[in-house]
Structure formats: C-alpha cells, structure tokens
>>> print(open('query-v1.pdb').read())   # PDB, C-alpha atoms, pLDDT in the B column
MODEL        1
ATOM      1  CA  MET A  17      10.252   3.007  -6.995  1.00 87.00           C
ATOM      2  CA  GLU A  18       9.189   6.568  -6.251  1.00 84.00           C
ATOM      3  CA  ASP A  19       6.940   5.368  -3.439  1.00 85.00           C
ATOM      4  CA  ALA A  20       9.748   3.348  -1.834  1.00 90.00           C
ATOM      5  CA  LEU A  21      12.073   6.347  -1.980  1.00 90.00           C
ATOM      6  CA  PHE A  22       9.364   8.541  -0.492  1.00 87.00           C
ATOM      7  CA  LEU A  23       8.697   6.068   2.333  1.00 89.00           C
ATOM      8  CA  THR A  24      12.352   6.121   3.389  1.00 91.00           C
ATOM      9  CA  ARG A  25      11.764   9.693   4.574  1.00 89.00           C
ATOM     10  CA  PHE A  26       9.590   8.268   7.351  1.00 87.00           C
ATOM     11  CA  ALA A  27      10.787   4.692   7.764  1.00 89.00           C
ATOM     12  CA  ALA A  28      14.241   3.333   8.551  1.00 91.00           C
ATOM     13  CA  LYS A  29      13.787   0.750   5.811  1.00 94.00           C
ATOM     14  CA  ALA A  30      11.501   0.075   2.870  1.00 94.00           C
ATOM     15  CA  THR A  31      11.291  -3.251   1.074  1.00 94.00           C
ATOM     16  CA  ILE A  32      10.055  -3.483  -2.497  1.00 94.00           C
ATOM     17  CA  VAL A  33       8.211  -6.770  -3.049  1.00 94.00           C
ATOM     18  CA  HIS A  34       7.631  -7.407  -6.744  1.00 93.00           C
ATOM     19  CA  ARG A  35       6.184 -10.573  -8.267  1.00 91.00           C
ATOM     20  CA  ARG A  36       8.051 -10.524 -11.586  1.00 90.00           C
ATOM     21  CA  GLY A  37      11.754 -11.113 -12.138  1.00 87.00           C
ATOM     22  CA  TYR A  38      12.072  -7.682 -13.745  1.00 85.00           C
ATOM     23  CA  LEU A  39      10.876  -4.138 -13.109  1.00 84.00           C
ATOM     24  CA  ARG A  40       8.907  -2.028 -15.567  1.00 81.00           C
ATOM     25  CA  ALA A  41       9.487   1.213 -13.683  1.00 81.00           C
ATOM     26  CA  ASP A  42      11.401   4.166 -15.088  1.00 82.00           C
ATOM     27  CA  ALA A  43      15.133   3.297 -15.257  1.00 87.00           C
ATOM     28  CA  ILE A  44      16.147   6.492 -13.448  1.00 90.00           C
ATOM     29  CA  GLU A  45      13.838   5.656 -10.520  1.00 86.00           C
ATOM     30  CA  VAL A  46      15.059   2.044 -10.439  1.00 90.00           C
ATOM     31  CA  ASN A  47      18.666   3.244 -10.231  1.00 92.00           C
ATOM     32  CA  LYS A  48      17.822   5.687  -7.420  1.00 92.00           C
ATOM     33  CA  ALA A  49      16.170   2.860  -5.475  1.00 92.00           C
ATOM     34  CA  LYS A  50      19.113   0.515  -6.100  1.00 93.00           C
ATOM     35  CA  LYS A  51      21.521   3.133  -4.723  1.00 95.00           C
ATOM     36  CA  SER A  52      19.467   3.748  -1.578  1.00 95.00           C
ATOM     37  CA  PRO A  53      20.791   1.809   1.438  1.00 96.00           C
ATOM     38  CA  GLU A  54      17.337   2.080   3.037  1.00 95.00           C
ATOM     39  CA  ILE A  55      15.640   0.098   0.251  1.00 96.00           C
ATOM     40  CA  GLU A  56      15.711  -3.680   0.034  1.00 95.00           C
ATOM     41  CA  ARG A  57      14.341  -5.467  -3.032  1.00 94.00           C
ATOM     42  CA  MET A  58      12.598  -8.842  -2.942  1.00 94.00           C
ATOM     43  CA  ILE A  59      12.212  -9.880  -6.561  1.00 95.00           C
ATOM     44  CA  PRO A  60      10.400 -12.110  -7.682  1.00 96.00           C
ATOM     45  CA  TRP A  61       8.235 -12.364  -4.589  1.00 96.00           C
ATOM     46  CA  GLY A  62       4.542 -11.780  -3.999  1.00 94.00           C
ATOM     47  CA  LEU A  63       2.621 -10.855  -0.884  1.00 93.00           C
ATOM     48  CA  GLY A  64       0.246 -13.661   0.030  1.00 91.00           C
ATOM     49  CA  GLU A  65      -1.006 -12.548   3.415  1.00 91.00           C
ATOM     50  CA  VAL A  66      -0.799  -9.550   5.715  1.00 91.00           C
ATOM     51  CA  ARG A  67      -0.117 -10.621   9.308  1.00 91.00           C
ATOM     52  CA  GLY A  68      -1.360  -8.976  12.478  1.00 89.00           C
ATOM     53  CA  LYS A  69      -4.500  -8.296  14.411  1.00 86.00           C
ATOM     54  CA  GLY A  70      -5.425  -4.649  14.688  1.00 81.00           C
ATOM     55  CA  PHE A  71      -1.919  -3.652  13.576  1.00 86.00           C
ATOM     56  CA  VAL A  72       0.324  -4.969  10.822  1.00 90.00           C
ATOM     57  CA  THR A  73       3.086  -7.187  12.220  1.00 94.00           C
ATOM     58  CA  GLY A  74       4.356  -8.777   9.025  1.00 93.00           C
ATOM     59  CA  GLY A  75       3.560 -10.567   5.840  1.00 93.00           C
ATOM     60  CA  ARG A  76       3.790 -13.953   4.210  1.00 95.00           C
ATOM     61  CA  LEU A  77       5.683 -13.860   0.951  1.00 96.00           C
ATOM     62  CA  ARG A  78       6.008 -16.434  -1.812  1.00 96.00           C
ATOM     63  CA  ASN A  79       8.765 -16.594  -4.393  1.00 96.00           C
ATOM     64  CA  THR A  80       6.959 -16.673  -7.748  1.00 95.00           C
ATOM     65  CA  GLU A  81       9.688 -18.755  -9.409  1.00 96.00           C
ATOM     66  CA  SER A  82      10.715 -21.290  -6.758  1.00 96.00           C
ATOM     67  CA  GLY A  83       7.537 -21.378  -4.665  1.00 96.00           C
ATOM     68  CA  GLU A  84       9.598 -20.785  -1.517  1.00 97.00           C
ATOM     69  CA  ARG A  85       7.631 -19.183   1.304  1.00 97.00           C
ATOM     70  CA  LEU A  86       8.942 -16.649   3.778  1.00 96.00           C
ATOM     71  CA  GLU A  87       7.519 -14.738   6.726  1.00 96.00           C
ATOM     72  CA  VAL A  88       8.796 -11.210   7.211  1.00 94.00           C
ATOM     73  CA  GLU A  89       8.217  -8.798  10.062  1.00 94.00           C
ATOM     74  CA  CYS A  90       7.181  -5.233   9.324  1.00 93.00           C
ATOM     75  CA  GLU A  91       5.135  -2.448  10.852  1.00 90.00           C
ATOM     76  CA  GLY A  92       3.228  -1.428   7.748  1.00 88.00           C
ATOM     77  CA  ILE A  93       2.443  -2.300   4.161  1.00 87.00           C
ATOM     78  CA  PHE A  94       2.045   0.244   1.376  1.00 84.00           C
ATOM     79  CA  VAL A  95       0.472  -1.174  -1.772  1.00 79.00           C
ATOM     80  CA  ALA A  96       1.470   0.461  -5.061  1.00 76.00           C
ATOM     81  CA  ILE A  97       0.295  -1.555  -8.047  1.00 67.00           C
ATOM     82  CA  GLY A  98       0.199   0.185 -11.416  1.00 65.00           C
ATOM     83  CA  HIS A  99      -2.506   2.597 -12.471  1.00 66.00           C
ATOM     84  CA  ASP A 100      -5.601   0.439 -12.093  1.00 73.00           C
ATOM     85  CA  PRO A 101      -6.966  -0.014  -8.601  1.00 82.00           C
ATOM     86  CA  LYS A 102      -6.289  -3.540  -7.395  1.00 81.00           C
ATOM     87  CA  THR A 103      -9.206  -3.696  -4.991  1.00 87.00           C
ATOM     88  CA  ASP A 104     -10.591  -7.170  -5.728  1.00 85.00           C
ATOM     89  CA  ALA A 105      -9.793  -8.245  -2.165  1.00 83.00           C
ATOM     90  CA  PHE A 106     -12.111  -5.502  -0.891  1.00 86.00           C
ATOM     91  CA  GLU A 107     -15.099  -5.913  -3.231  1.00 82.00           C
ATOM     92  CA  ASP A 108     -17.158  -7.645  -0.533  1.00 86.00           C
ATOM     93  CA  VAL A 109     -15.890  -5.318   2.201  1.00 90.00           C
ATOM     94  CA  VAL A 110     -16.467  -1.793   0.891  1.00 94.00           C
ATOM     95  CA  GLU A 111     -18.444  -0.174  -1.903  1.00 95.00           C
ATOM     96  CA  THR A 112     -16.526   0.368  -5.161  1.00 94.00           C
ATOM     97  CA  ASP A 113     -17.438   2.047  -8.420  1.00 93.00           C
ATOM     98  CA  GLU A 114     -17.698   0.322 -11.818  1.00 90.00           C
ATOM     99  CA  LYS A 115     -13.911   0.510 -12.327  1.00 88.00           C
ATOM    100  CA  GLY A 116     -13.077  -0.841  -8.876  1.00 91.00           C
ATOM    101  CA  PHE A 117     -12.163   2.411  -7.132  1.00 92.00           C
ATOM    102  CA  ILE A 118     -13.127   2.454  -3.457  1.00 93.00           C
ATOM    103  CA  ILE A 119     -15.855   5.001  -2.804  1.00 94.00           C
ATOM    104  CA  VAL A 120     -15.183   7.331   0.125  1.00 94.00           C
ATOM    105  CA  GLN A 121     -17.279  10.129   1.545  1.00 93.00           C
ATOM    106  CA  PRO A 122     -16.344  13.510   0.009  1.00 91.00           C
ATOM    107  CA  GLY A 123     -13.528  15.204   1.928  1.00 88.00           C
ATOM    108  CA  SER A 124     -12.959  12.057   3.959  1.00 90.00           C
ATOM    109  CA  THR A 125     -11.429   8.583   3.851  1.00 91.00           C
ATOM    110  CA  THR A 126     -14.549   6.972   5.339  1.00 93.00           C
ATOM    111  CA  THR A 127     -15.893   4.054   3.280  1.00 95.00           C
ATOM    112  CA  SER A 128     -19.261   2.313   3.274  1.00 95.00           C
ATOM    113  CA  THR A 129     -18.020  -0.017   6.041  1.00 94.00           C
ATOM    114  CA  PRO A 130     -17.612   1.469   9.541  1.00 92.00           C
ATOM    115  CA  GLY A 131     -14.002   1.308  10.695  1.00 90.00           C
ATOM    116  CA  VAL A 132     -12.587   0.777   7.198  1.00 91.00           C
ATOM    117  CA  PHE A 133     -10.859   3.764   5.601  1.00 91.00           C
ATOM    118  CA  GLY A 134      -9.623   4.176   2.050  1.00 90.00           C
ATOM    119  CA  CYS A 135      -6.904   6.455   0.772  1.00 86.00           C
ATOM    120  CA  GLY A 136      -4.609   7.078  -2.153  1.00 82.00           C
ATOM    121  CA  ASP A 137      -4.804   5.736  -5.658  1.00 81.00           C
ATOM    122  CA  VAL A 138      -7.450   3.090  -4.892  1.00 87.00           C
ATOM    123  CA  CYS A 139      -9.860   5.976  -4.199  1.00 86.00           C
ATOM    124  CA  ASP A 140      -8.485   8.709  -6.453  1.00 79.00           C
ATOM    125  CA  ARG A 141      -9.507   8.091 -10.047  1.00 73.00           C
ATOM    126  CA  GLN A 142      -8.893  11.679 -11.122  1.00 71.00           C
ATOM    127  CA  TYR A 143      -5.460  12.852  -9.946  1.00 66.00           C
ATOM    128  CA  LYS A 144      -3.429   9.685  -9.193  1.00 63.00           C
ATOM    129  CA  GLN A 145      -0.656  11.732  -7.660  1.00 64.00           C
ATOM    130  CA  SER A 146       1.511  10.910  -4.675  1.00 66.00           C
ATOM    131  CA  VAL A 147       0.680  14.247  -3.075  1.00 65.00           C
ATOM    132  CA  VAL A 148      -3.019  13.301  -2.975  1.00 69.00           C
ATOM    133  CA  ALA A 149      -2.197   9.835  -1.643  1.00 72.00           C
ATOM    134  CA  ALA A 150       0.108  11.328   1.002  1.00 75.00           C
ATOM    135  CA  GLY A 151      -2.592  13.723   2.158  1.00 77.00           C
ATOM    136  CA  GLN A 152      -5.192  10.973   2.348  1.00 80.00           C
ATOM    137  CA  GLY A 153      -2.605   8.723   3.993  1.00 79.00           C
ATOM    138  CA  CYS A 154      -2.482  11.284   6.809  1.00 84.00           C
ATOM    139  CA  MET A 155      -6.274  11.612   6.926  1.00 82.00           C
ATOM    140  CA  ALA A 156      -7.011   7.874   7.204  1.00 85.00           C
ATOM    141  CA  PRO A 157      -5.206   7.206  10.526  1.00 86.00           C
ATOM    142  CA  MET A 158      -6.656  10.397  12.012  1.00 88.00           C
ATOM    143  CA  GLU A 159     -10.146   9.256  11.077  1.00 86.00           C
ATOM    144  CA  ALA A 160      -9.373   5.751  12.387  1.00 88.00           C
ATOM    145  CA  GLU A 161      -8.302   7.298  15.719  1.00 88.00           C
ATOM    146  CA  ARG A 162     -11.584   9.217  15.910  1.00 86.00           C
ATOM    147  CA  TYR A 163     -13.528   6.077  15.038  1.00 88.00           C
ATOM    148  CA  LEU A 164     -11.767   4.122  17.786  1.00 89.00           C
ATOM    149  CA  GLY A 165     -12.327   6.953  20.270  1.00 85.00           C
ATOM    150  CA  VAL A 166      -8.631   7.665  20.658  1.00 73.00           C
ATOM    151  CA  ARG A 167      -8.951  11.218  19.337  1.00 59.00           C
ATOM    152  CA  GLU A 168     -11.837  13.612  19.805  1.00 57.00           C
TER
ENDMDL
END
>>> encode(input="query-v1.pdb", output="structure tokens")
Amino acid sequence: MEDALFLTRFAAKATIVHRRGYLRADAIEVNKAKKSPEIERMIPWGLGEVRGKGFVTGGRLRNTESGERLEVECEGIFVAIGHDPKTDAFEDVVETDEKGFIIVQPGSTTTSTPGVFGCGDVCDRQYKQSVVAAGQGCMAPMEAERYLGVRE
C-alpha cells in the first residue's frame, strides 16, 4: 500500500494487483490507498505475463477466483511482494545468493548478466527500506542508459 501511494507522486495512476481476496497490509495504509483517487485495486488478480519488447506496454492478468483473463495497458510494473525476494523467475538469468537475493556489483545495480539491472528489495537483504529501493530505482535506468549508449 505504501509503495502504491509513493508511486502516485510520479504516476497519474497506480494499480494494486493482489492475488488474494483480502489484504494483509497495515489497516491504516489500506485505508489511505482506498481513499486515493489515483489508486485502483484489482483484487483477487495475479500478474501472469509482462507485455512489451524493450519497454513495458502492459500485462496479462488472471482472476484467481474465476479464472477470467484480462490484458491491461501500462507503462511500468513495480513488484512489491512481502519481505522475501521473489526472484524465482530470474534464477537462470542472473546470479542470486543462497536466499534468492539478486547479486549486484557494489555501489551499482549491475548484475551478472550484461544489460540486466537489479534494484530495491530483491537486492537489498540488509535495509529493506523504500528509500534504498527508490535510490536504486533511480540508479538502474541511468545504468541501463549507459549500457545502451544513450548516456555517456
């Protein structure tokens, strides 16, 4: 809930996609999100696929109760899933430690795979704070630009 509220500072709209029919977040944060006109909630839905080539253009969602499928357009996806890194989808893509955290070069978001950058809680096993994730979230696109030759 906190992440969705934070994202509305930079995005016109944020959509919370949550696979269960209920939220386990702090009640105060849930109420803040419910009151925000910039936040839409899709509950109980799960993200099945990120769409786009080079840039995110949308996602394929599936209702976890009815099985209904839906394609939504968006310009970005921010994954916030509990306190354990949910990096299974990346285990064959980048190097991770024994607990599944993505390993990045110190002071960087560069991973073991050229052109793939990691940031936030999937890399930060010590602090797990939004301020760290926000800082790395700024670093990752800057490093991606350098990698692509867009920025010197």
>>> closest_residue(input="query-v1.pdb", among="A:Lys50, A:Arg35, A:Lys102, A:Arg141", to="Met17 in chain A", atoms="only C-alpha atoms")
A:Lys50
>>> resolve_selection(input="query-v1.pdb", expression="the PyMOL selection byres ((chain A and resi 122-136) around 8)", output="list of chain:residue names")
A:Val109, A:Val110, A:Glu111, A:Ile118, A:Ile119, A:Val120, A:Gln121, A:Asp137, A:Val138, A:Cys139, A:Asp140, A:Lys144, A:Ser146, A:Val148, A:Ala149, A:Ala150, A:Gln152, A:Gly153, A:Met155, A:Ala156, A:Glu159, A:Ala160, A:Tyr163, A:Leu164
>>> write_last_selection(input="query-v1.pdb", atoms="C-alpha atoms", output="PDB file, keeping the file's coordinate frame")
ATOM      1  CA  VAL A 109     -15.890  -5.318   2.201  1.00 90.00           C
ATOM      2  CA  VAL A 110     -16.467  -1.793   0.891  1.00 94.00           C
ATOM      3  CA  GLU A 111     -18.444  -0.174  -1.903  1.00 95.00           C
ATOM      4  CA  ILE A 118     -13.127   2.454  -3.457  1.00 93.00           C
ATOM      5  CA  ILE A 119     -15.855   5.001  -2.804  1.00 94.00           C
ATOM      6  CA  VAL A 120     -15.183   7.331   0.125  1.00 94.00           C
ATOM      7  CA  GLN A 121     -17.279  10.129   1.545  1.00 93.00           C
ATOM      8  CA  ASP A 137      -4.804   5.736  -5.658  1.00 81.00           C
ATOM      9  CA  VAL A 138      -7.450   3.090  -4.892  1.00 87.00           C
ATOM     10  CA  CYS A 139      -9.860   5.976  -4.199  1.00 86.00           C
ATOM     11  CA  ASP A 140      -8.485   8.709  -6.453  1.00 79.00           C
ATOM     12  CA  LYS A 144      -3.429   9.685  -9.193  1.00 63.00           C
ATOM     13  CA  SER A 146       1.511  10.910  -4.675  1.00 66.00           C
ATOM     14  CA  VAL A 148      -3.019  13.301  -2.975  1.00 69.00           C
ATOM     15  CA  ALA A 149      -2.197   9.835  -1.643  1.00 72.00           C
ATOM     16  CA  ALA A 150       0.108  11.328   1.002  1.00 75.00           C
ATOM     17  CA  GLN A 152      -5.192  10.973   2.348  1.00 80.00           C
ATOM     18  CA  GLY A 153      -2.605   8.723   3.993  1.00 79.00           C
ATOM     19  CA  MET A 155      -6.274  11.612   6.926  1.00 82.00           C
ATOM     20  CA  ALA A 156      -7.011   7.874   7.204  1.00 85.00           C
ATOM     21  CA  GLU A 159     -10.146   9.256  11.077  1.00 86.00           C
ATOM     22  CA  ALA A 160      -9.373   5.751  12.387  1.00 88.00           C
ATOM     23  CA  TYR A 163     -13.528   6.077  15.038  1.00 88.00           C
ATOM     24  CA  LEU A 164     -11.767   4.122  17.786  1.00 89.00           C
TER      25      LEU A 164
END
>>> atom_distance(input="query-v1.pdb", atom1="CA of Gln142 in chain A", atom2="CA of Phe22 in chain A")
21.4 Å
>>> residues_around(input="query-v1.pdb", residues="Ile55 in chain A", least_positions_apart="4", cutoff="7 Å", atoms="all atoms listed in the file", output="PyMOL selection string")
chain A and resi 29-31+49
>>> closest_residue(input="query-v1.pdb", among="A:Arg67, A:His34, A:Arg40, A:Arg162", to="Thr80 in chain A", atoms="all atoms listed in the file")
A:His34
>>> atom_distance(input="query-v1.pdb", atom1="CA of Phe94 in chain A", atom2="CA of Glu114 in chain A")
23.7 Å
>>> atom_distance(input="query-v1.pdb", atom1="CA of Ser82 in chain A", atom2="CA of Glu56 in chain A")
19.5 Å
>>> residues_around(input="query-v1.pdb", residues="Gly92 in chain A", least_positions_apart="5", cutoff="12 Å", atoms="only C-alpha atoms", output="VMD selection string")
chain A and resid 23 26 to 27 29 to 31 66 to 68 70 to 75
>>> residues_around(input="query-v1.pdb", residues="Arg78 in chain A", least_positions_apart="2", cutoff="7 Å", atoms="all atoms listed in the file", output="ChimeraX atom specification")
/A:61-64,76,80,83-86
>>> closest_residue(input="query-v1.pdb", among="A:Val166, A:Arg25, A:Ile59, A:Asn79", to="Leu39 in chain A", atoms="only C-alpha atoms")
A:Ile59
